[in-house]
>>> print(open('target_22.cif').read())   # mmCIF, C-alpha atoms
data_entry
loop_
_atom_site.label_atom_id
_atom_site.label_comp_id
_atom_site.auth_asym_id
_atom_site.auth_seq_id
_atom_site.Cartn_x
_atom_site.Cartn_y
_atom_site.Cartn_z
CA MET A 1 12.32 -148.78 -42.66
CA CYS A 2 13.70 -151.12 -45.28
CA ASP A 3 14.64 -154.68 -46.15
CA LEU A 4 18.19 -155.91 -45.94
CA TYR A 5 19.05 -158.60 -48.48
CA VAL A 6 22.38 -160.36 -48.02
CA VAL A 7 23.29 -162.15 -51.22
CA LYS A 8 27.11 -162.11 -51.14
CA GLN A 9 28.32 -165.52 -50.00
CA GLY A 10 30.42 -165.63 -46.85
CA THR A 11 29.30 -162.24 -45.52
CA CYS A 12 29.47 -161.80 -41.74
CA LEU A 13 26.80 -159.81 -39.98
CA ARG A 14 27.47 -158.54 -36.47
CA LYS A 15 26.23 -155.87 -34.14
CA GLU A 16 28.03 -152.91 -32.65
CA HIS A 17 26.04 -150.52 -30.44
CA GLY A 18 22.96 -149.50 -32.41
CA ARG A 19 24.31 -150.69 -35.75
CA PHE A 20 24.59 -153.81 -37.85
CA ILE A 21 28.02 -154.21 -39.41
CA LEU A 22 28.27 -156.21 -42.60
CA ASN A 23 31.60 -157.60 -43.73
CA PRO A 24 31.41 -159.17 -47.16
CA PRO A 25 34.61 -161.03 -48.13
CA GLU A 26 36.91 -158.97 -50.41
CA ASP A 27 34.59 -155.96 -50.19
CA ASP A 28 34.35 -152.90 -47.98
CA GLY A 29 32.16 -153.27 -44.92
CA LEU A 30 28.89 -151.45 -44.43
CA GLU A 31 27.27 -150.08 -41.30
CA ILE A 32 23.50 -149.69 -41.03
CA PRO A 33 21.56 -148.25 -38.07
CA ILE A 34 19.39 -151.10 -36.74
CA ARG A 35 16.30 -148.94 -36.57
CA GLU A 36 16.35 -148.57 -40.37
CA ILE A 37 15.92 -152.32 -40.84
CA GLU A 38 12.47 -153.85 -41.00
CA ARG A 39 13.36 -157.35 -42.21
CA ILE A 40 16.48 -159.33 -43.08
CA LEU A 41 16.68 -161.89 -45.89
CA LEU A 42 19.71 -164.14 -46.01
CA PHE A 43 20.59 -166.08 -49.16
CA GLY A 44 22.86 -169.08 -48.67
CA ASN A 45 25.99 -169.05 -46.60
CA ILE A 46 25.81 -165.92 -44.39
CA GLN A 47 27.11 -165.74 -40.81
CA LEU A 48 25.14 -164.07 -38.01
CA SER A 49 26.49 -163.30 -34.56
CA THR A 50 24.46 -164.21 -31.47
CA ALA A 51 24.14 -160.50 -30.69
CA VAL A 52 22.44 -159.95 -34.06
CA ILE A 53 20.06 -162.86 -33.47
CA GLY A 54 19.23 -161.55 -29.98
CA THR A 55 18.57 -158.03 -31.26
CA CYS A 56 16.36 -159.27 -34.09
CA LEU A 57 14.27 -161.32 -31.66
CA GLN A 58 14.00 -158.40 -29.27
CA GLN A 59 13.22 -155.72 -31.87
CA GLN A 60 10.81 -157.96 -33.80
CA ILE A 61 12.93 -157.92 -36.95
CA PRO A 62 12.11 -161.11 -38.86
CA VAL A 63 15.10 -162.95 -40.31
CA VAL A 64 14.32 -165.19 -43.28
CA PHE A 65 16.75 -167.95 -44.24
CA LEU A 66 16.80 -168.88 -47.93
CA SER A 67 19.06 -171.04 -50.03
CA ARG A 68 21.41 -169.31 -52.42
CA THR A 69 18.84 -169.72 -55.19
CA GLY A 70 16.03 -168.41 -53.01
CA ILE A 71 14.36 -171.57 -51.66
CA TYR A 72 12.77 -170.89 -48.28
CA LYS A 73 14.43 -172.72 -45.40
CA GLY A 74 12.87 -171.10 -42.34
CA HIS A 75 12.67 -167.94 -40.34
CA LEU A 76 13.59 -166.47 -37.00
CA TRP A 77 10.74 -164.76 -35.23
CA SER A 78 9.86 -164.02 -31.65
CA ALA A 79 6.49 -165.61 -30.79
CA GLU A 80 5.60 -162.85 -28.34
CA LEU A 81 3.46 -160.95 -30.81
CA ARG A 82 0.93 -163.79 -31.16
CA ASP A 83 -2.69 -162.67 -31.18
CA LEU A 84 -4.26 -165.63 -29.40
CA GLU A 85 -7.85 -164.51 -29.97
CA ALA A 86 -7.29 -164.39 -33.74
CA GLU A 87 -5.42 -167.68 -33.74
CA ARG A 88 -8.20 -169.39 -31.75
CA ASN A 89 -10.64 -168.19 -34.41
CA GLN A 90 -8.36 -169.56 -37.10
CA PHE A 91 -8.60 -173.01 -35.52
CA LEU A 92 -12.37 -172.70 -35.03
CA ASN A 93 -12.90 -171.63 -38.64
CA TYR A 94 -10.63 -174.38 -39.94
CA THR A 95 -13.49 -176.85 -39.60
CA ASP A 96 -16.26 -174.39 -40.59
CA ARG A 97 -17.27 -175.47 -44.10
CA THR A 98 -18.92 -172.19 -45.10
CA PHE A 99 -15.98 -170.06 -43.97
CA HIS A 100 -13.58 -172.45 -45.70
CA LEU A 101 -15.45 -172.42 -49.03
CA GLU A 102 -16.35 -168.72 -49.13
CA THR A 103 -12.85 -167.54 -48.22
CA ALA A 104 -11.32 -169.86 -50.82
CA ARG A 105 -13.83 -168.52 -53.35
CA ALA A 106 -12.86 -164.91 -52.61
CA ILE A 107 -9.17 -165.75 -52.98
CA ILE A 108 -9.76 -167.49 -56.31
CA ARG A 109 -11.81 -164.53 -57.53
CA GLY A 110 -8.98 -162.14 -56.64
CA LYS A 111 -6.40 -164.32 -58.33
CA LEU A 112 -8.37 -164.90 -61.53
CA VAL A 113 -9.55 -161.29 -61.90
CA ASN A 114 -5.99 -159.99 -61.44
CA SER A 115 -4.58 -162.53 -63.91
CA ARG A 116 -7.16 -161.46 -66.47
CA GLN A 117 -6.41 -157.80 -65.73
CA LEU A 118 -2.71 -158.25 -66.52
CA LEU A 119 -3.44 -159.95 -69.85
CA LEU A 120 -5.87 -157.12 -70.69
CA ARG A 121 -3.24 -154.49 -69.90
CA LEU A 122 -0.51 -156.19 -71.88
CA ASN A 123 -2.77 -156.93 -74.85
CA ARG A 124 -4.21 -153.42 -75.07
CA LYS A 125 -1.85 -152.39 -77.87
CA ARG A 126 -0.99 -155.83 -79.22
CA HIS A 127 -4.50 -157.14 -79.99
CA LEU A 128 -3.40 -160.78 -80.17
CA GLU A 129 -6.33 -163.04 -80.84
CA THR A 130 -5.01 -165.99 -78.80
CA VAL A 131 -4.64 -163.67 -75.80
CA ALA A 132 -8.14 -162.25 -76.30
CA ASN A 133 -9.46 -165.83 -76.31
CA ALA A 134 -7.61 -166.57 -73.06
CA ILE A 135 -9.08 -163.41 -71.52
CA SER A 136 -12.64 -164.39 -72.36
CA GLY A 137 -11.93 -167.95 -71.18
CA ILE A 138 -10.72 -166.64 -67.82
CA GLN A 139 -13.88 -164.51 -67.56
CA ARG A 140 -15.92 -167.72 -67.98
CA ASP A 141 -13.84 -169.39 -65.23
CA ILE A 142 -14.47 -166.39 -62.96
CA ASN A 143 -18.24 -166.64 -63.53
CA ALA A 144 -18.21 -170.39 -63.02
CA SER A 145 -16.21 -170.12 -59.79
CA GLU A 146 -18.99 -167.95 -58.29
CA THR A 147 -21.27 -170.99 -58.12
CA ALA A 148 -18.69 -173.71 -57.40
CA GLY A 149 -19.93 -175.94 -54.59
CA SER A 150 -16.61 -177.14 -53.18
CA VAL A 151 -13.02 -176.06 -52.69
CA ASP A 152 -11.87 -178.87 -54.99
CA GLN A 153 -14.04 -177.43 -57.75
CA LEU A 154 -12.51 -173.99 -57.13
CA ARG A 155 -9.03 -175.48 -57.45
CA GLY A 156 -10.17 -176.99 -60.73
CA TYR A 157 -11.06 -173.55 -62.09
CA GLU A 158 -7.74 -172.24 -60.82
CA GLY A 159 -5.99 -174.94 -62.85
CA ILE A 160 -8.02 -174.25 -65.98
CA THR A 161 -7.23 -170.54 -65.73
CA ALA A 162 -3.52 -171.27 -65.26
CA ALA A 163 -3.58 -173.37 -68.44
CA ARG A 164 -5.04 -170.37 -70.30
CA TYR A 165 -3.05 -167.66 -68.54
CA PHE A 166 0.59 -168.77 -68.75
CA PRO A 167 0.68 -169.60 -72.47
CA ALA A 168 -1.03 -166.23 -73.15
CA LEU A 169 1.59 -164.50 -71.00
CA GLY A 170 4.28 -166.24 -73.07
CA GLN A 171 2.73 -164.79 -76.23
CA LEU A 172 3.15 -161.30 -74.79
CA LEU A 173 6.95 -161.53 -74.44
CA ILE A 174 8.26 -159.43 -77.30
CA THR A 175 11.91 -160.52 -77.40
CA PRO A 176 12.80 -163.66 -79.34
CA ASP A 177 15.52 -164.41 -76.73
CA PHE A 178 13.03 -165.74 -74.20
CA THR A 179 10.27 -168.23 -74.75
CA PHE A 180 7.72 -169.39 -72.27
CA GLU A 181 4.98 -171.92 -72.84
CA GLU A 182 4.10 -173.46 -69.53
CA ARG A 183 4.72 -172.98 -65.86
CA ASN A 184 7.11 -175.51 -64.32
CA ARG A 185 8.88 -175.51 -60.99
CA ARG A 186 10.96 -177.53 -58.56
CA PRO A 187 13.17 -176.99 -60.40
CA PRO A 188 12.23 -174.24 -62.88
CA ARG A 189 13.47 -175.48 -66.26
CA ASP A 190 13.85 -172.23 -68.21
CA PRO A 191 14.78 -168.59 -67.45
CA VAL A 192 11.20 -167.26 -67.34
CA ASN A 193 10.12 -169.99 -64.93
CA SER A 194 13.15 -169.35 -62.74
CA LEU A 195 12.25 -165.63 -62.57
CA LEU A 196 8.65 -166.43 -61.66
CA SER A 197 9.75 -168.89 -58.96
CA PHE A 198 12.24 -166.46 -57.46
CA GLY A 199 9.71 -163.60 -57.60
CA TYR A 200 7.05 -165.70 -55.85
CA THR A 201 9.55 -166.56 -53.11
CA LEU A 202 10.27 -162.87 -52.51
CA LEU A 203 6.53 -162.16 -52.47
CA SER A 204 5.81 -164.98 -50.05
CA ASN A 205 8.45 -163.69 -47.64
CA ASN A 206 6.67 -160.34 -47.54
CA VAL A 207 3.28 -161.95 -47.01
CA MET A 208 4.71 -164.24 -44.33
CA SER A 209 6.18 -161.43 -42.25
CA LEU A 210 2.99 -159.33 -42.50
CA ILE A 211 0.94 -162.33 -41.35
CA LEU A 212 3.32 -162.86 -38.44
CA ALA A 213 3.25 -159.14 -37.60
CA GLU A 214 -0.56 -159.33 -37.28
CA GLY A 215 -0.17 -162.24 -34.87
CA LEU A 216 -1.80 -164.81 -37.17
CA ASN A 217 -0.76 -168.41 -37.59
CA PRO A 218 0.65 -168.81 -41.13
CA TYR A 219 0.04 -172.58 -41.19
CA LEU A 220 -3.78 -172.50 -41.29
CA GLY A 221 -5.25 -171.70 -44.71
CA ASN A 222 -8.37 -172.21 -46.77
CA LEU A 223 -7.69 -172.64 -50.46
CA HIS A 224 -4.47 -174.43 -49.61
CA ARG A 225 -4.75 -177.39 -47.27
CA SER A 226 -2.14 -180.05 -46.87
CA ASP A 227 -1.20 -182.92 -44.59
CA LYS A 228 2.30 -181.50 -44.54
CA LYS A 229 3.04 -178.44 -42.45
CA LEU A 230 2.94 -175.80 -45.18
CA PRO A 231 2.45 -172.05 -44.69
CA GLU A 232 -1.08 -172.39 -46.08
CA LEU A 233 -2.23 -168.89 -45.16
CA VAL A 234 0.81 -167.37 -46.86
CA LEU A 235 0.01 -169.32 -50.04
CA ASP A 236 -3.63 -168.20 -49.75
CA LEU A 237 -3.03 -164.51 -49.28
CA MET A 238 -0.29 -164.18 -51.90
CA GLU A 239 -2.53 -165.50 -54.69
CA GLU A 240 -4.08 -162.10 -55.48
CA PHE A 241 -0.66 -160.50 -55.73
CA ARG A 242 1.16 -163.02 -57.93
CA SER A 243 0.08 -161.40 -61.16
CA PRO A 244 0.16 -157.66 -60.24
CA VAL A 245 3.50 -157.85 -58.39
CA VAL A 246 5.57 -160.71 -59.83
CA ASP A 247 4.23 -161.59 -63.30
CA THR A 248 4.06 -157.90 -64.26
CA LEU A 249 7.65 -157.46 -63.15
CA VAL A 250 8.97 -160.50 -65.03
CA VAL A 251 7.28 -159.48 -68.29
CA THR A 252 8.49 -155.88 -67.93
CA LEU A 253 12.11 -156.87 -67.22
CA ILE A 254 12.18 -159.16 -70.23
CA ASN A 255 10.38 -156.85 -72.63
CA ARG A 256 12.55 -153.88 -71.64
CA ARG A 257 15.61 -156.12 -72.10
CA THR A 258 16.82 -155.49 -68.56
CA LEU A 259 17.60 -159.21 -68.38
CA HIS A 260 19.42 -161.19 -71.05
CA PRO A 261 19.71 -164.92 -71.76
CA ASP A 262 23.29 -164.94 -70.42
CA ASP A 263 22.05 -163.74 -67.02
CA PHE A 264 21.08 -167.36 -66.29
CA THR A 265 23.05 -170.43 -65.30
CA TRP A 266 23.36 -173.59 -67.40
CA PRO A 267 20.80 -176.24 -66.47
CA THR A 268 21.85 -178.27 -63.44
CA GLU A 269 21.79 -182.10 -63.37
CA THR A 270 18.08 -182.01 -62.51
CA GLY A 271 17.39 -179.53 -65.33
CA GLY A 272 17.05 -176.48 -63.06
CA VAL A 273 17.86 -173.05 -64.50
CA TYR A 274 18.65 -170.16 -62.14
CA ILE A 275 19.43 -166.45 -62.29
CA ALA A 276 23.13 -165.68 -61.90
CA ASP A 277 24.13 -163.66 -58.83
CA ALA A 278 24.65 -160.26 -60.50
CA ALA A 279 21.29 -160.41 -62.27
CA ARG A 280 19.68 -161.64 -59.05
CA ARG A 281 20.61 -158.33 -57.44
CA ARG A 282 19.06 -156.39 -60.31
CA PHE A 283 15.93 -158.49 -59.99
CA ILE A 284 15.68 -157.85 -56.22
CA HIS A 285 16.09 -154.11 -56.85
CA ALA A 286 13.29 -154.14 -59.41
CA PHE A 287 11.11 -156.27 -57.14
CA GLU A 288 11.54 -153.81 -54.28
CA ALA A 289 10.74 -150.88 -56.57
CA ASN A 290 7.57 -152.69 -57.61
CA MET A 291 6.56 -153.35 -54.01
CA ASN A 292 6.94 -149.62 -53.31
CA GLN A 293 4.81 -148.63 -56.30
CA SER A 294 1.51 -146.89 -55.47
CA VAL A 295 -1.78 -148.60 -55.97
CA LYS A 296 -5.37 -147.86 -54.95
CA HIS A 297 -6.73 -149.83 -52.03
CA PRO A 298 -10.43 -149.48 -51.14
CA ASP A 299 -9.71 -149.39 -47.37
CA VAL A 300 -7.89 -146.04 -47.65
CA GLN A 301 -8.29 -142.87 -49.71
CA GLU A 302 -4.66 -142.14 -50.53
CA PRO A 303 -2.80 -144.50 -52.86
CA VAL A 304 -0.58 -146.91 -50.92
CA THR A 305 2.41 -149.08 -51.78
CA TYR A 306 1.85 -152.71 -52.74
CA ARG A 307 3.44 -153.70 -49.45
CA ARG A 308 0.81 -151.68 -47.57
CA ALA A 309 -1.91 -153.14 -49.78
CA ILE A 310 -0.81 -156.65 -48.74
CA HIS A 311 -0.88 -155.51 -45.13
CA TYR A 312 -4.48 -154.27 -45.57
CA GLN A 313 -5.41 -157.66 -47.01
CA VAL A 314 -3.93 -159.44 -43.99
CA LYS A 315 -5.97 -157.09 -41.79
CA ARG A 316 -9.08 -157.91 -43.83
CA TYR A 317 -8.45 -161.58 -43.26
CA LYS A 318 -8.12 -160.91 -39.55
CA ARG A 319 -11.42 -159.01 -39.59
CA ALA A 320 -13.02 -161.97 -41.35
CA LEU A 321 -11.88 -164.12 -38.42
CA LEU A 322 -12.76 -161.78 -35.57
CA GLU A 323 -15.73 -159.78 -36.82
CA VAL A 324 -17.27 -162.25 -39.25
CA ILE A 325 -16.99 -159.82 -42.18
CA PRO A 326 -16.46 -161.97 -45.31
CA TYR A 327 -12.95 -161.72 -46.75
CA GLN A 328 -12.76 -159.48 -49.82
CA PRO A 329 -9.81 -160.01 -52.20
CA PHE A 330 -7.55 -157.29 -53.56
CA VAL A 331 -8.52 -156.47 -57.12
CA ARG A 332 -6.20 -154.49 -59.33
CA ALA A 333 -7.80 -151.69 -61.37
CA ALA A 334 -8.07 -152.41 -65.10
CA MET B 1 12.25 -135.60 -42.00
CA LEU B 2 15.95 -134.95 -41.56
CA VAL B 3 17.00 -134.17 -38.01
CA LEU B 4 20.41 -132.56 -37.74
CA ILE B 5 22.00 -133.12 -34.36
CA THR B 6 25.07 -131.18 -33.32
CA TYR B 7 26.82 -131.18 -29.98
CA ASP B 8 29.56 -129.62 -27.93
CA ILE B 9 30.58 -131.83 -25.04
CA PRO B 10 33.88 -131.10 -23.25
CA ASP B 11 33.96 -134.34 -21.26
CA ASN B 12 35.62 -137.07 -23.39
CA LYS B 13 33.79 -140.01 -21.86
CA ARG B 14 30.34 -138.45 -22.17
CA ARG B 15 31.07 -137.31 -25.72
CA THR B 16 32.20 -140.75 -26.89
CA LYS B 17 29.17 -142.35 -25.27
CA LEU B 18 26.78 -139.96 -26.98
CA ALA B 19 28.47 -140.52 -30.35
CA THR B 20 28.17 -144.33 -30.16
CA PHE B 21 24.56 -143.92 -29.01
CA LEU B 22 23.77 -141.66 -31.98
CA GLU B 23 25.33 -144.09 -34.46
CA GLY B 24 22.25 -146.25 -33.97
CA TYR B 25 20.05 -143.39 -35.17
CA GLY B 26 21.75 -141.99 -38.22
CA ARG B 27 24.97 -141.15 -39.97
CA ARG B 28 27.92 -139.31 -38.54
CA VAL B 29 28.75 -136.65 -41.12
CA GLN B 30 31.25 -134.61 -39.11
CA LYS B 31 33.06 -135.11 -35.78
CA SER B 32 30.11 -133.82 -33.76
CA VAL B 33 27.32 -133.70 -36.34
CA PHE B 34 24.79 -136.46 -37.05
CA GLU B 35 22.14 -136.66 -39.76
CA CYS B 36 19.15 -138.78 -38.75
CA PHE B 37 15.99 -139.40 -40.76
CA LEU B 38 13.23 -139.60 -38.16
CA THR B 39 9.56 -138.92 -37.63
CA GLN B 40 8.63 -136.09 -35.28
CA ALA B 41 7.67 -138.58 -32.55
CA GLU B 42 11.02 -140.35 -32.95
CA MET B 43 12.87 -137.04 -32.72
CA GLN B 44 11.05 -136.17 -29.49
CA GLU B 45 11.84 -139.62 -28.11
CA LEU B 46 15.50 -139.18 -29.07
CA HIS B 47 15.50 -135.73 -27.47
CA ARG B 48 14.25 -137.25 -24.21
CA ARG B 49 16.81 -140.04 -24.30
CA ILE B 50 19.70 -137.64 -24.96
CA GLN B 51 18.54 -135.40 -22.11
CA ARG B 52 19.30 -138.27 -19.74
CA ARG B 53 22.79 -138.73 -21.17
CA VAL B 54 24.19 -135.19 -21.01
CA ASN B 55 24.94 -132.59 -18.38
CA PRO B 56 23.01 -129.41 -19.30
CA ASP B 57 25.43 -127.22 -17.31
CA GLU B 58 28.45 -128.14 -19.42
CA ASP B 59 27.08 -129.71 -22.60
CA ASN B 60 25.17 -128.29 -25.53
CA VAL B 61 23.14 -130.41 -27.98
CA ARG B 62 21.01 -128.94 -30.76
CA PHE B 63 18.30 -130.60 -32.88
CA TYR B 64 17.35 -129.05 -36.22
CA TRP B 65 14.22 -130.18 -38.04
CA LEU B 66 14.65 -129.96 -41.85
CA THR B 67 11.85 -130.45 -44.35
CA PRO B 68 12.42 -132.56 -47.50
CA GLN B 69 12.44 -129.33 -49.52
CA SER B 70 15.35 -127.97 -47.47
CA VAL B 71 17.21 -131.27 -47.69
CA ALA B 72 16.87 -131.20 -51.48
CA LYS B 73 18.45 -127.74 -51.55
CA SER B 74 21.37 -128.68 -49.29
CA LEU B 75 24.88 -128.41 -50.68
CA ALA B 76 28.13 -130.02 -49.60
CA ILE B 77 31.85 -129.73 -50.30
CA GLY B 78 34.19 -132.66 -49.78
CA SER B 79 31.38 -135.14 -49.09
CA ASP B 80 27.99 -136.19 -50.42
CA PRO B 81 24.99 -133.98 -49.66
CA PRO B 82 22.47 -135.48 -47.20
CA THR B 83 20.50 -138.38 -48.70
CA PRO B 84 17.69 -140.32 -47.05
CA PRO B 85 18.40 -143.99 -46.31
CA PRO B 86 17.66 -146.30 -49.26
CA ASN B 87 14.44 -148.32 -49.59
CA VAL B 88 16.45 -151.50 -49.72
CA TYR B 89 19.97 -152.71 -48.99
CA ILE B 90 21.33 -155.48 -51.19
CA ILE B 91 24.73 -156.77 -50.21
#
>>> encode(input="target_22.cif", output="structure tokens")
Amino acid sequence: MCDLYVVKQGTCLRKEHGRFILNPPEDDGLEIPIREIERILLFGNIQLSTAVIGTCLQQQIPVVFLSRTGIYKGHLWSAELRDLEAERNQFLNYTDRTFHLETARAIIRGKLVNSRQLLLRLNRKRHLETVANAISGIQRDINASETAGSVDQLRGYEGITAARYFPALGQLLITPDFTFEERNRRPPRDPVNSLLSFGYTLLSNNVMSLILAEGLNPYLGNLHRSDKKLPELVLDLMEEFRSPVVDTLVVTLINRRTLHPDDFTWPTETGGVYIADAARRRFIHAFEANMNQSVKHPDVQEPVTYRRAIHYQVKRYKRALLEVIPYQPFVRAA
Amino acid sequence: MLVLITYDIPDNKRRTKLATFLEGYGRRVQKSVFECFLTQAEMQELHRRIQRRVNPDEDNVRFYWLTPQSVAKSLAIGSDPPTPPPNVYII
């Protein structure tokens, strides 16, 4: 089972018997047996036939629609897999203050510990003092978050850690071609920020489809709450994986010089910088390789892929709802 | 695991139907040979479904179960040796 990314603009996707047929303009077509496909991600202007849409709904293959630069537009998903019992508990717990606070606390702990872990790993041979200071600062934030009395306070610690973490990460880029001082988005204003944004989008798509596959409602979260209809649970459950999956990848690709400054577009009118199409493909390849990397997860003996690890976390969240077992975050080994 | 499916079906209509059916399961590597990467349960399910599509008196379909070690040792002339489907397709 695998993901199908369609990046080439103007590609037509249709169905013939048990296969999807892809016809990119100017290129040779490609035929893929439908049962090999687990999820489809469409970037920009891609055509789908009604037969493809019908099959995806029937076979529970999520189709995610993204802009050409990777901004999420929506998804196609059959609602039949809903787990109403779990969803009812999501609504019940939405107003439960203890559940709200303790789950948000666990998510923050996972996020902060994993951010610290990445800095530790990257600084092991470099011994930069500024990074060591950030690491001990984050440890203080982790300790402080254990006694925070409200979700707002937790978000405060999250912000403080981010202000320590991202500049430290920028220090650990070893090529002079890329600099990175602070996180900015909507639009990302430099290459490193554009890679982080694109990586987080790819990660959130994975989290979203695993949440949907477990029958949960992605719009009810804990750490993230909004008056707008945002996929709060997706934002919640991806926090622990931002640093081990995406940040690690971005630093590695830059430090190994897999990506170069000319792999990015000129700033747009609003100052946005994006990866050019050819490099985008390389990035997706590397992202997928990272998602298939093995990692230890406490719920199973054998090492599993990151994608499985995310799935186990979604299951843990479901257990927290149904069996009142507090949610435990995923923590990457040091 | 790689399942190699080969068939001999004299009736044109039945043969064409089986071939289009099998194209949803794997790759056609010769006129009447398919390579499908399946789990054992999927192979048994496919076996059952093909049973309903052929006439055992006239037709002959064979399923070979090949371990990853055997696939790695496979050789080919005039085409690529068998390779499992990729982890990701990027078009």
>>> interface_residues(input="target_22.cif", of="chain B", to="chain A", cutoff="10 Å", atoms="all atoms listed in the file", output="mmCIF file with C-alpha atoms, in the frame of the given file")
data_model
loop_
_atom_site.group_PDB
_atom_site.id
_atom_site.type_symbol
_atom_site.label_atom_id
_atom_site.label_comp_id
_atom_site.auth_asym_id
_atom_site.auth_seq_id
_atom_site.Cartn_x
_atom_site.Cartn_y
_atom_site.Cartn_z
ATOM 1 C CA THR B 20 28.170 -144.330 -30.160
ATOM 2 C CA PHE B 21 24.560 -143.920 -29.010
ATOM 3 C CA LEU B 22 23.770 -141.660 -31.980
ATOM 4 C CA GLU B 23 25.330 -144.090 -34.460
ATOM 5 C CA GLY B 24 22.250 -146.250 -33.970
ATOM 6 C CA TYR B 25 20.050 -143.390 -35.170
ATOM 7 C CA GLY B 26 21.750 -141.990 -38.220
ATOM 8 C CA ARG B 27 24.970 -141.150 -39.970
ATOM 9 C CA CYS B 36 19.150 -138.780 -38.750
ATOM 10 C CA PHE B 37 15.990 -139.400 -40.760
ATOM 11 C CA LEU B 38 13.230 -139.600 -38.160
ATOM 12 C CA PRO B 85 18.400 -143.990 -46.310
ATOM 13 C CA PRO B 86 17.660 -146.300 -49.260
ATOM 14 C CA ASN B 87 14.440 -148.320 -49.590
ATOM 15 C CA VAL B 88 16.450 -151.500 -49.720
ATOM 16 C CA TYR B 89 19.970 -152.710 -48.990
ATOM 17 C CA ILE B 90 21.330 -155.480 -51.190
ATOM 18 C CA ILE B 91 24.730 -156.770 -50.210
#
>>> resolve_selection(input="target_22.cif", expression="the PyMOL selection byres ((chain B and resi 10-13) around 12)", output="mmCIF file with C-alpha atoms, in the coordinates of the input")
data_model
loop_
_atom_site.group_PDB
_atom_site.id
_atom_site.type_symbol
_atom_site.label_atom_id
_atom_site.label_comp_id
_atom_site.auth_asym_id
_atom_site.auth_seq_id
_atom_site.Cartn_x
_atom_site.Cartn_y
_atom_site.Cartn_z
ATOM 1 C CA TYR B 7 26.820 -131.180 -29.980
ATOM 2 C CA ASP B 8 29.560 -129.620 -27.930
ATOM 3 C CA ILE B 9 30.580 -131.830 -25.040
ATOM 4 C CA ARG B 14 30.340 -138.450 -22.170
ATOM 5 C CA ARG B 15 31.070 -137.310 -25.720
ATOM 6 C CA THR B 16 32.200 -140.750 -26.890
ATOM 7 C CA LYS B 17 29.170 -142.350 -25.270
ATOM 8 C CA LEU B 18 26.780 -139.960 -26.980
ATOM 9 C CA ALA B 19 28.470 -140.520 -30.350
ATOM 10 C CA THR B 20 28.170 -144.330 -30.160
ATOM 11 C CA SER B 32 30.110 -133.820 -33.760
ATOM 12 C CA ARG B 53 22.790 -138.730 -21.170
ATOM 13 C CA VAL B 54 24.190 -135.190 -21.010
ATOM 14 C CA ASN B 55 24.940 -132.590 -18.380
ATOM 15 C CA PRO B 56 23.010 -129.410 -19.300
ATOM 16 C CA ASP B 57 25.430 -127.220 -17.310
ATOM 17 C CA GLU B 58 28.450 -128.140 -19.420
ATOM 18 C CA ASP B 59 27.080 -129.710 -22.600
ATOM 19 C CA ASN B 60 25.170 -128.290 -25.530
ATOM 20 C CA VAL B 61 23.140 -130.410 -27.980
#
>>> residues_around(input="target_22.cif", residues="Leu120 in chain A", least_positions_apart="5", cutoff="9 Å", atoms="all atoms listed in the file", output="list in words")
Ser115, Val131, Ala132, Ile135 and Ala334 of chain A
>>> atom_distance(input="target_22.cif", atom1="CA of Phe99 in chain A", atom2="CA of Met208 in chain A")
21.5 Å
>>> resolve_selection(input="target_22.cif", expression="the PyMOL selection byres ((chain A and resi 252-266) around 10)", output="mmCIF file with C-alpha atoms, in the coordinates of the input")
data_model
loop_
_atom_site.group_PDB
_atom_site.id
_atom_site.type_symbol
_atom_site.label_atom_id
_atom_site.label_comp_id
_atom_site.auth_asym_id
_atom_site.auth_seq_id
_atom_site.Cartn_x
_atom_site.Cartn_y
_atom_site.Cartn_z
ATOM 1 C CA LEU A 122 -0.510 -156.190 -71.880
ATOM 2 C CA LEU A 172 3.150 -161.300 -74.790
ATOM 3 C CA LEU A 173 6.950 -161.530 -74.440
ATOM 4 C CA ILE A 174 8.260 -159.430 -77.300
ATOM 5 C CA THR A 175 11.910 -160.520 -77.400
ATOM 6 C CA PRO A 176 12.800 -163.660 -79.340
ATOM 7 C CA ASP A 177 15.520 -164.410 -76.730
ATOM 8 C CA PHE A 178 13.030 -165.740 -74.200
ATOM 9 C CA ASP A 190 13.850 -172.230 -68.210
ATOM 10 C CA PRO A 191 14.780 -168.590 -67.450
ATOM 11 C CA VAL A 192 11.200 -167.260 -67.340
ATOM 12 C CA SER A 194 13.150 -169.350 -62.740
ATOM 13 C CA LEU A 195 12.250 -165.630 -62.570
ATOM 14 C CA VAL A 246 5.570 -160.710 -59.830
ATOM 15 C CA ASP A 247 4.230 -161.590 -63.300
ATOM 16 C CA THR A 248 4.060 -157.900 -64.260
ATOM 17 C CA LEU A 249 7.650 -157.460 -63.150
ATOM 18 C CA VAL A 250 8.970 -160.500 -65.030
ATOM 19 C CA VAL A 251 7.280 -159.480 -68.290
ATOM 20 C CA PRO A 267 20.800 -176.240 -66.470
ATOM 21 C CA THR A 268 21.850 -178.270 -63.440
ATOM 22 C CA GLU A 269 21.790 -182.100 -63.370
ATOM 23 C CA GLY A 271 17.390 -179.530 -65.330
ATOM 24 C CA GLY A 272 17.050 -176.480 -63.060
ATOM 25 C CA VAL A 273 17.860 -173.050 -64.500
ATOM 26 C CA TYR A 274 18.650 -170.160 -62.140
ATOM 27 C CA ILE A 275 19.430 -166.450 -62.290
ATOM 28 C CA ALA A 276 23.130 -165.680 -61.900
ATOM 29 C CA ASP A 277 24.130 -163.660 -58.830
ATOM 30 C CA ALA A 278 24.650 -160.260 -60.500
ATOM 31 C CA ALA A 279 21.290 -160.410 -62.270
ATOM 32 C CA ARG A 280 19.680 -161.640 -59.050
ATOM 33 C CA ARG A 282 19.060 -156.390 -60.310
ATOM 34 C CA PHE A 283 15.930 -158.490 -59.990
ATOM 35 C CA ALA A 286 13.290 -154.140 -59.410
#
